[in-house]
$ cat input_24.csv   # CSV, C-alpha atoms and all ligand atoms
chain,number,residue,atom,x,y,z
A,1,MET,CA,0.9,13.1,9.6
A,2,THR,CA,3.4,13.0,6.8
A,3,LEU,CA,3.3,11.5,3.3
A,4,GLU,CA,6.2,9.2,4.5
A,5,GLN,CA,3.6,7.0,6.1
A,6,PHE,CA,2.3,6.0,2.6
A,7,ARG,CA,5.7,4.7,1.7
A,8,LEU,CA,7.3,1.3,2.2
A,9,ASP,CA,10.9,2.1,2.1
A,10,GLY,CA,13.1,-0.9,2.6
A,11,GLN,CA,10.2,-3.3,3.1
A,12,VAL,CA,9.9,-6.6,1.3
A,13,ALA,CA,6.6,-7.0,-0.6
A,14,ILE,CA,5.4,-10.2,-2.3
A,15,VAL,CA,2.8,-9.8,-5.1
A,16,THR,CA,1.3,-13.0,-6.5
A,17,GLY,CA,0.1,-12.9,-10.1
A,18,ALA,CA,2.5,-10.1,-10.5
A,19,THR,CA,2.7,-10.1,-14.3
A,20,GLY,CA,-1.0,-9.7,-14.7
A,21,GLY,CA,-2.9,-6.5,-15.4
A,22,LEU,CA,-3.4,-5.5,-11.8
A,23,GLY,CA,-0.4,-7.3,-10.3
A,24,SER,CA,2.1,-5.5,-12.6
A,25,ALA,CA,0.6,-2.1,-11.5
A,26,MET,CA,0.9,-3.2,-7.9
A,27,ALA,CA,4.6,-4.2,-8.4
A,28,ARG,CA,5.3,-0.8,-10.0
A,29,ALA,CA,3.5,1.1,-7.2
A,30,PHE,CA,5.3,-0.8,-4.5
A,31,ALA,CA,8.7,-0.3,-6.0
A,32,ALA,CA,7.9,3.4,-6.5
A,33,ALA,CA,7.0,3.5,-2.8
A,34,GLY,CA,10.5,2.2,-1.9
A,35,ALA,CA,9.7,-1.5,-1.4
A,36,HIS,CA,11.8,-4.5,-2.6
A,37,VAL,CA,9.4,-6.5,-4.6
A,38,ALA,CA,9.1,-10.2,-5.2
A,39,LEU,CA,7.1,-10.8,-8.4
A,40,ALA,CA,5.5,-14.2,-7.9
A,41,ASP,CA,3.8,-15.8,-10.8
A,42,LEU,CA,3.5,-19.0,-12.8
A,43,PRO,CA,6.8,-20.4,-14.2
A,44,SER,CA,5.3,-19.9,-17.7
A,45,ARG,CA,5.3,-16.1,-17.0
A,46,ARG,CA,9.1,-16.0,-16.4
A,47,ASP,CA,10.0,-13.9,-19.5
A,48,ASP,CA,7.3,-11.2,-18.7
A,49,ALA,CA,8.3,-11.3,-15.0
A,50,VAL,CA,12.0,-10.8,-15.6
A,51,ARG,CA,11.3,-7.9,-18.0
A,52,LEU,CA,9.0,-6.4,-15.4
A,53,THR,CA,11.6,-6.7,-12.6
A,54,GLY,CA,13.9,-4.5,-14.7
A,55,GLU,CA,11.2,-2.0,-15.4
A,56,VAL,CA,10.0,-1.6,-11.8
A,57,VAL,CA,13.5,-1.0,-10.5
A,58,GLU,CA,14.2,1.5,-13.2
A,59,GLN,CA,10.9,3.4,-12.6
A,60,ALA,CA,11.5,3.4,-8.9
A,61,GLY,CA,14.4,5.6,-9.5
A,62,SER,CA,16.1,4.7,-6.3
A,63,SER,CA,19.4,2.9,-6.4
A,64,GLY,CA,18.5,0.6,-3.5
A,65,THR,CA,15.3,-0.9,-4.8
A,66,ARG,CA,15.4,-4.6,-5.7
A,67,ALA,CA,13.0,-6.8,-7.6
A,68,ILE,CA,13.1,-10.5,-8.2
A,69,PHE,CA,11.0,-13.1,-10.1
A,70,VAL,CA,9.7,-15.9,-7.9
A,71,PRO,CA,8.1,-18.9,-9.8
A,72,LEU,CA,4.9,-19.8,-8.0
A,73,ASP,CA,1.8,-21.8,-8.7
A,74,VAL,CA,-0.5,-20.9,-5.8
A,75,THR,CA,-2.3,-24.3,-6.1
A,76,ASP,CA,1.0,-26.1,-5.2
A,77,LEU,CA,1.3,-25.9,-1.4
A,78,ALA,CA,4.9,-27.1,-1.2
A,79,GLY,CA,5.7,-24.6,-4.0
A,80,ILE,CA,4.3,-21.8,-1.9
A,81,GLU,CA,6.6,-22.6,1.0
A,82,ALA,CA,9.6,-22.8,-1.4
A,83,ALA,CA,8.7,-19.5,-3.0
A,84,VAL,CA,8.5,-17.8,0.4
A,85,GLN,CA,11.9,-19.3,1.3
A,86,GLN,CA,13.3,-17.9,-1.9
A,87,VAL,CA,12.1,-14.4,-1.0
A,88,GLU,CA,13.6,-14.7,2.5
A,89,ALA,CA,17.0,-15.8,1.0
A,90,GLU,CA,17.1,-13.2,-1.7
A,91,LEU,CA,15.3,-10.1,-0.3
A,92,GLY,CA,14.7,-10.8,3.4
A,93,SER,CA,11.6,-11.5,5.6
A,94,PRO,CA,8.4,-10.5,3.9
A,95,ASP,CA,6.7,-7.4,5.4
A,96,VAL,CA,3.8,-7.3,2.9
A,97,LEU,CA,1.9,-9.9,0.9
A,98,VAL,CA,-0.6,-9.1,-1.8
A,99,ALA,CA,-2.6,-12.3,-2.6
A,100,ASN,CA,-3.6,-11.2,-6.0
A,101,ALA,CA,-3.3,-14.2,-8.3
A,102,GLY,CA,-6.7,-15.1,-9.7
A,103,ILE,CA,-8.6,-16.7,-12.6
A,104,ASN,CA,-12.2,-16.7,-13.9
A,105,ILE,CA,-14.1,-19.2,-16.0
A,106,PRO,CA,-17.3,-17.3,-16.9
A,107,LYS,CA,-20.1,-19.7,-17.7
A,108,PRO,CA,-23.9,-20.0,-17.0
A,109,ALA,CA,-24.3,-21.8,-13.7
A,110,LEU,CA,-26.1,-24.7,-15.5
A,111,GLU,CA,-22.9,-25.4,-17.5
A,112,VAL,CA,-20.3,-25.2,-14.8
A,113,ALA,CA,-18.4,-28.5,-14.7
A,114,GLU,CA,-16.8,-29.9,-11.5
A,115,GLU,CA,-13.4,-29.2,-13.0
A,116,ASP,CA,-14.3,-25.5,-13.7
A,117,TRP,CA,-15.5,-25.1,-10.1
A,118,ASP,CA,-12.5,-26.8,-8.6
A,119,ARG,CA,-10.0,-24.8,-10.7
A,120,VAL,CA,-11.5,-21.5,-9.8
A,121,LEU,CA,-11.9,-22.3,-6.1
A,122,ASP,CA,-8.3,-23.8,-6.0
A,123,VAL,CA,-6.7,-20.6,-7.4
A,124,ASP,CA,-9.0,-17.9,-6.1
A,125,LEU,CA,-9.7,-19.1,-2.6
A,126,LYS,CA,-7.5,-22.1,-1.6
A,127,GLY,CA,-4.5,-20.4,-3.2
A,128,VAL,CA,-5.1,-17.2,-1.4
A,129,PHE,CA,-5.5,-18.9,2.0
A,130,PHE,CA,-2.4,-21.0,1.8
A,131,CYS,CA,-0.3,-18.0,0.6
A,132,CYS,CA,-1.6,-16.0,3.5
A,133,GLN,CA,-0.8,-18.9,5.9
A,134,ALA,CA,2.7,-19.4,4.6
A,135,VAL,CA,3.6,-15.7,4.9
A,136,GLY,CA,1.3,-15.0,7.9
A,137,LYS,CA,3.1,-17.5,10.1
A,138,ARG,CA,6.3,-15.7,9.6
A,139,MET,CA,4.7,-12.3,10.2
A,140,VAL,CA,3.0,-13.5,13.4
A,141,ALA,CA,6.4,-14.8,14.6
A,142,ARG,CA,8.0,-11.4,13.9
A,143,GLY,CA,5.1,-9.5,15.4
A,144,ARG,CA,4.4,-7.4,12.3
A,145,GLY,CA,3.2,-7.4,8.7
A,146,SER,CA,0.5,-6.4,6.4
A,147,ILE,CA,-1.5,-8.6,4.0
A,148,VAL,CA,-3.8,-7.4,1.3
A,149,THR,CA,-6.1,-10.0,-0.4
A,150,ILE,CA,-7.5,-9.1,-3.8
A,151,ALA,CA,-11.2,-10.0,-3.7
A,152,SER,CA,-13.7,-8.3,-6.1
A,153,GLN,CA,-16.9,-6.3,-6.0
A,154,ASN,CA,-18.1,-9.8,-6.9
A,155,GLY,CA,-17.3,-10.9,-3.3
A,156,VAL,CA,-20.2,-8.8,-2.0
A,157,ILE,CA,-22.6,-8.8,-4.9
A,158,GLY,CA,-23.7,-11.4,-7.4
A,159,TYR,CA,-23.0,-11.2,-11.1
A,160,PRO,CA,-24.3,-13.6,-13.8
A,161,TYR,CA,-22.1,-16.4,-15.2
A,162,ARG,CA,-19.7,-16.2,-12.3
A,163,ALA,CA,-21.0,-18.8,-9.8
A,164,ALA,CA,-17.6,-20.2,-8.9
A,165,TYR,CA,-15.9,-16.8,-9.1
A,166,CYS,CA,-18.4,-15.0,-6.9
A,167,ALA,CA,-18.4,-17.9,-4.4
A,168,ALA,CA,-14.6,-17.8,-4.2
A,169,LYS,CA,-14.4,-14.0,-3.9
A,170,ALA,CA,-17.1,-14.0,-1.2
A,171,GLY,CA,-14.9,-16.6,0.5
A,172,VAL,CA,-11.9,-14.3,0.2
A,173,VAL,CA,-13.9,-11.4,1.8
A,174,ASN,CA,-14.8,-13.4,4.9
A,175,LEU,CA,-11.5,-15.3,5.1
A,176,THR,CA,-9.8,-11.8,5.3
A,177,ARG,CA,-11.9,-10.9,8.3
A,178,VAL,CA,-11.0,-14.2,10.1
A,179,LEU,CA,-7.3,-13.8,9.5
A,180,ALA,CA,-7.5,-10.1,10.6
A,181,LEU,CA,-9.1,-11.3,13.9
A,182,GLU,CA,-6.7,-14.1,14.5
A,183,TRP,CA,-3.5,-12.1,13.8
A,184,ALA,CA,-4.4,-8.6,15.1
A,185,ALA,CA,-2.9,-9.3,18.5
A,186,SER,CA,0.4,-10.3,16.8
A,187,GLY,CA,0.6,-6.9,15.0
A,188,VAL,CA,-0.4,-8.3,11.6
A,189,ARG,CA,-3.1,-6.5,9.6
A,190,VAL,CA,-5.2,-8.3,6.9
A,191,ASN,CA,-7.4,-6.3,4.5
A,192,ALA,CA,-9.0,-6.9,1.2
A,193,VAL,CA,-9.4,-4.7,-1.9
A,194,GLY,CA,-12.5,-5.4,-4.1
A,195,PRO,CA,-12.1,-3.8,-7.5
A,196,THR,CA,-14.8,-3.2,-10.1
A,197,PHE,CA,-14.1,-4.0,-13.7
A,198,VAL,CA,-10.6,-3.1,-15.0
A,199,ASP,CA,-9.5,-3.8,-18.5
A,200,THR,CA,-7.0,-6.6,-18.1
A,201,PRO,CA,-6.4,-10.0,-19.7
A,202,LEU,CA,-8.9,-11.4,-17.2
A,203,THR,CA,-11.8,-9.3,-18.3
A,204,ARG,CA,-10.9,-8.6,-22.0
A,205,ILE,CA,-13.3,-11.0,-23.5
A,206,THR,CA,-16.2,-9.8,-21.3
A,207,LEU,CA,-15.5,-6.1,-22.0
A,208,ALA,CA,-15.1,-6.8,-25.8
A,209,ASN,CA,-18.8,-7.5,-25.9
A,210,PRO,CA,-20.4,-4.0,-26.6
A,211,THR,CA,-23.7,-4.9,-24.9
A,212,ILE,CA,-22.1,-6.2,-21.7
A,213,ARG,CA,-19.6,-3.3,-21.7
A,214,GLU,CA,-22.4,-0.8,-21.9
A,215,ASP,CA,-24.3,-2.5,-19.1
A,216,ILE,CA,-21.2,-2.5,-16.9
A,217,LEU,CA,-20.6,1.2,-17.5
A,218,ARG,CA,-24.2,2.0,-16.7
A,219,ARG,CA,-23.8,0.2,-13.3
A,220,ILE,CA,-20.7,2.2,-12.4
A,221,PRO,CA,-21.8,5.6,-11.0
A,222,LEU,CA,-18.4,7.1,-11.9
A,223,GLY,CA,-19.3,6.2,-15.4
A,224,ARG,CA,-16.0,4.4,-16.4
A,225,LEU,CA,-14.0,1.3,-15.7
A,226,GLY,CA,-11.3,1.3,-13.0
A,227,THR,CA,-7.6,1.5,-13.9
A,228,ALA,CA,-5.0,-0.9,-12.7
A,229,GLU,CA,-3.2,2.1,-11.1
A,230,GLU,CA,-6.2,3.1,-9.1
A,231,VAL,CA,-6.5,-0.5,-7.7
A,232,ALA,CA,-2.8,-0.5,-7.0
A,233,ASN,CA,-3.1,2.8,-5.1
A,234,ALA,CA,-5.8,1.2,-2.8
A,235,VAL,CA,-3.6,-1.8,-2.2
A,236,LEU,CA,-0.6,0.4,-1.5
A,237,PHE,CA,-2.5,2.4,1.0
A,238,LEU,CA,-3.7,-0.6,3.0
A,239,ALA,CA,-0.3,-2.2,2.9
A,240,SER,CA,1.4,1.0,4.2
A,241,PRO,CA,1.8,2.3,7.8
A,242,ALA,CA,-0.8,5.0,6.8
A,243,ALA,CA,-3.4,2.3,7.3
A,244,GLY,CA,-2.0,1.3,10.7
A,245,LEU,CA,-5.5,1.3,12.3
A,246,ILE,CA,-7.2,-0.6,9.6
A,247,THR,CA,-7.6,-4.4,9.7
A,248,GLY,CA,-10.4,-6.7,8.5
A,249,ALA,CA,-11.6,-4.0,6.1
A,250,ILE,CA,-12.9,-4.6,2.6
A,251,LEU,CA,-12.0,-1.6,0.5
A,252,LEU,CA,-14.2,-1.5,-2.5
A,253,ALA,CA,-12.5,0.3,-5.4
A,254,ASP,CA,-15.7,0.0,-7.4
A,255,GLY,CA,-16.6,3.4,-8.8
A,256,GLY,CA,-19.7,3.3,-6.6
A,257,TRP,CA,-21.2,0.1,-8.1
A,258,THR,CA,-22.1,-1.4,-4.7
A,259,ALA,CA,-23.4,1.9,-3.3
A,260,ILE,CA,-26.6,1.7,-5.3
A,301,LIG,N1,-9.6,-7.1,-13.8
A,301,LIG,C1,-10.7,-6.9,-13.1
A,301,LIG,O1,-11.6,-6.3,-13.6
A,301,LIG,C2,-10.8,-7.5,-11.7
A,301,LIG,C3,-11.9,-7.1,-10.9
A,301,LIG,C4,-12.0,-7.6,-9.6
A,301,LIG,C5,-11.0,-8.4,-9.1
A,301,LIG,N2,-10.0,-8.8,-9.9
A,301,LIG,C6,-9.0,-9.7,-9.3
A,301,LIG,O2,-7.7,-9.1,-9.4
A,301,LIG,C7,-6.7,-10.2,-9.5
A,301,LIG,C8,-5.8,-9.9,-10.6
A,301,LIG,O3,-6.6,-9.9,-11.8
A,301,LIG,P1,-6.1,-9.3,-13.2
A,301,LIG,O4,-7.2,-8.6,-13.8
A,301,LIG,O5,-4.8,-8.7,-13.1
A,301,LIG,O6,-6.0,-10.7,-14.0
A,301,LIG,P2,-4.8,-11.2,-15.0
A,301,LIG,O7,-5.3,-12.3,-15.7
A,301,LIG,O8,-4.3,-10.0,-15.8
A,301,LIG,O9,-3.6,-11.6,-14.0
A,301,LIG,C9,-3.8,-12.7,-13.2
A,301,LIG,C10,-2.4,-13.2,-12.8
A,301,LIG,O10,-2.5,-14.3,-12.0
A,301,LIG,C11,-1.6,-15.3,-12.4
A,301,LIG,N3,-2.0,-16.6,-12.0
A,301,LIG,C12,-3.1,-17.3,-12.5
A,301,LIG,N4,-3.1,-18.5,-12.0
A,301,LIG,C13,-2.1,-18.6,-11.1
A,301,LIG,C14,-1.6,-19.6,-10.2
A,301,LIG,N5,-2.2,-20.8,-10.1
A,301,LIG,N6,-0.5,-19.3,-9.5
A,301,LIG,C15,0.1,-18.1,-9.6
A,301,LIG,N7,-0.3,-17.2,-10.4
A,301,LIG,C16,-1.4,-17.4,-11.1
A,301,LIG,C17,-1.5,-15.1,-13.9
A,301,LIG,O11,-0.3,-15.7,-14.5
A,301,LIG,C18,-1.5,-13.6,-14.0
A,301,LIG,O12,-0.3,-13.0,-13.9
A,301,LIG,C19,-7.5,-11.5,-9.5
A,301,LIG,O13,-7.6,-12.1,-8.3
A,301,LIG,C20,-8.9,-11.0,-10.0
A,301,LIG,O14,-9.9,-11.9,-9.6
A,301,LIG,C21,-9.8,-8.3,-11.2

$ encode --input "input_24.csv" --output "structure tokens"
Amino acid sequence: MTLEQFRLDGQVAIVTGATGGLGSAMARAFAAAGAHVALADLPSRRDDAVRLTGEVVEQAGSSGTRAIFVPLDVTDLAGIEAAVQQVEAELGSPDVLVANAGINIPKPALEVAEEDWDRVLDVDLKGVFFCCQAVGKRMVARGRGSIVTIASQNGVIGYPYRAAYCAAKAGVVNLTRVLALEWAASGVRVNAVGPTFVDTPLTRITLANPTIREDILRRIPLGRLGTAEEVANAVLFLASPAAGLITGAILLADGGWTAI
């Protein structure tokens, strides 16, 4: 056993939602581990993404590491295929996919409109599936690859005002198991990471409410929020050869929330 097994030297990794709070930490972690990173995100995030590509390469400190911005809306199926083709053309065949892009529209269940439901399910579940399918078919053909989906602790427990989000994340959890079973014989591993609350643009409004924040901290046995780096570490581990025996797993990076 060597620490080399936790590295991804020369591998090509795609991170969706790569300019977000968690995605940017993943992009940095992957580049630091030696991977070439495709930062996939909405076209509107181009400026942030281009800045981030420069930062991750610089921080990686290795002359060979490359990072590119790939415009991608995960709800656009033709666009997903075009994005993967761009990665193949500019970096090479993808070895790792992190299906991380996600949104939330917190609302009481009685107020959830059809368009809210459809938007959350389209990005958080349908988008994850079709990104996995587009990259997974190439990995299956090559006989190797590692996919990490980003679920949530809300994929295994309920949380108020998140009917669509919890439904989508529970879907991601079980989708991950199905893909793991279907693709295991082809050498492709598929796992999920389920974070607890991390302070990112996604959760900022929720965490700005002192009563809710206090309640959240009370439910986390470790007594603090997660950090984006801690989530990225869990993702990097599952993506790496160090996790070679692990597929179909749901790794909860939740500070112990679901252990209660
Ligand atoms: N922050 C948390 O506490 C937390 C906890 C559990 C799970 N998660 C999950 O982690 C993932 C990342 O969350 P985050 O906290 O970094 O959120 P974030 O809002 O900071 O980042 C989300 C990213 O997804 C991108 N995105 C949104 N819609 C997209 C689309 N249609 N196509 C492509 N990209 C799109 C955004 O541009 C953004 O870069 C999400 O799946 C989220 O559900 C977050």

$ residues_around --input "input_24.csv" --residues "segment 13-22 of chain A" --least-positions-apart "2" --cutoff "7 Å" --atoms "all atoms listed in the file" --output "number ranges by chain"
A: 11, 24-27, 35-41, 48-49, 94-101, 200-201, 228, 232

$ closest_residue --input "input_24.csv" --among "A:Ala164, A:Val140, A:Val84, A:Ile150" --to "Val112 of chain A" --atoms "only C-alpha atoms"
A:Ala164

$ atom_distance --input "input_24.csv" --atom1 "atom CA of Gln85 of chain A" --atom2 "atom CA of Asp124 of chain A"
22.2 Å

$ residues_near_point --input "input_24.csv" --point "(-24.7, 1.8, -11.4)" --cutoff "9 Å" --atoms "all atoms listed in the file" --output "list of chain:residue names"
A:Asp215, A:Ile216, A:Leu217, A:Arg218, A:Arg219, A:Ile220, A:Pro221, A:Leu222, A:Gly223, A:Gly255, A:Gly256, A:Trp257, A:Thr258, A:Ala259, A:Ile260

$ residues_around --input "input_24.csv" --residues "Glu111 of chain A" --least-positions-apart "3" --cutoff "12 Å" --atoms "all atoms listed in the file" --output "PDB file with C-alpha atoms, in the frame of the given file"
ATOM      1  CA  ILE A 105     -14.100 -19.200 -16.000  1.00  0.00           C
ATOM      2  CA  PRO A 106     -17.300 -17.300 -16.900  1.00  0.00           C
ATOM      3  CA  LYS A 107     -20.100 -19.700 -17.700  1.00  0.00           C
ATOM      4  CA  PRO A 108     -23.900 -20.000 -17.000  1.00  0.00           C
ATOM      5  CA  GLU A 114     -16.800 -29.900 -11.500  1.00  0.00           C
ATOM      6  CA  GLU A 115     -13.400 -29.200 -13.000  1.00  0.00           C
ATOM      7  CA  ASP A 116     -14.300 -25.500 -13.700  1.00  0.00           C
ATOM      8  CA  TRP A 117     -15.500 -25.100 -10.100  1.00  0.00           C
ATOM      9  CA  TYR A 161     -22.100 -16.400 -15.200  1.00  0.00           C
ATOM     10  CA  ARG A 162     -19.700 -16.200 -12.300  1.00  0.00           C
ATOM     11  CA  ALA A 163     -21.000 -18.800  -9.800  1.00  0.00           C
ATOM     12  CA  ALA A 164     -17.600 -20.200  -8.900  1.00  0.00           C
TER      13      ALA A 164
END

$ closest_residue --input "input_24.csv" --among "A:Gly64, A:Gly155, A:Gly187, A:Pro160" --to "ligand LIG 301 (chain A)" --atoms "only C-alpha atoms and all ligand atoms"
A:Gly155

$ atom_distance --input "input_24.csv" --atom1 "atom CA of Arg138 of chain A" --atom2 "atom CA of Ser93 of chain A"
7.9 Å

$ closest_residue --input "input_24.csv" --among "A:Gly143, A:Gly54, A:Pro195, A:Gly158" --to "ligand LIG 301 (chain A)" --atoms "all atoms listed in the file"
A:Pro195

$ closest_residue --input "input_24.csv" --among "A:Asp199, A:Glu55, A:Glu214, A:Asp47" --to "ligand LIG 301 (chain A)" --atoms "only C-alpha atoms and all ligand atoms"
A:Asp199

$ closest_residue --input "input_24.csv" --among "A:Ala185, A:Leu72, A:Ile205, A:Ala60" --to "ligand LIG 301 (chain A)" --atoms "all atoms listed in the file"
A:Leu72

$ atom_distance --input "input_24.csv" --atom1 "atom CA of Gly248 of chain A" --atom2 "atom CA of Met139 of chain A"
16.2 Å

$ residues_around --input "input_24.csv" --residues "Phe237 of chain A" --least-positions-apart "5" --cutoff "9 Å" --atoms "all atoms listed in the file" --output "NGL selection string"
:A and (6-7 or 232 or 242-243)

$ closest_residue --input "input_24.csv" --among "A:Asp254, A:Gln153, A:Arg28, A:Val50" --to "Cys166 of chain A" --atoms "all atoms listed in the file"
A:Gln153

$ residues_around --input "input_24.csv" --residues "Thr176 of chain A" --least-positions-apart "6" --cutoff "7 Å" --atoms "only C-alpha atoms" --output "PyMOL selection string"
chain A and resi 190-192+248
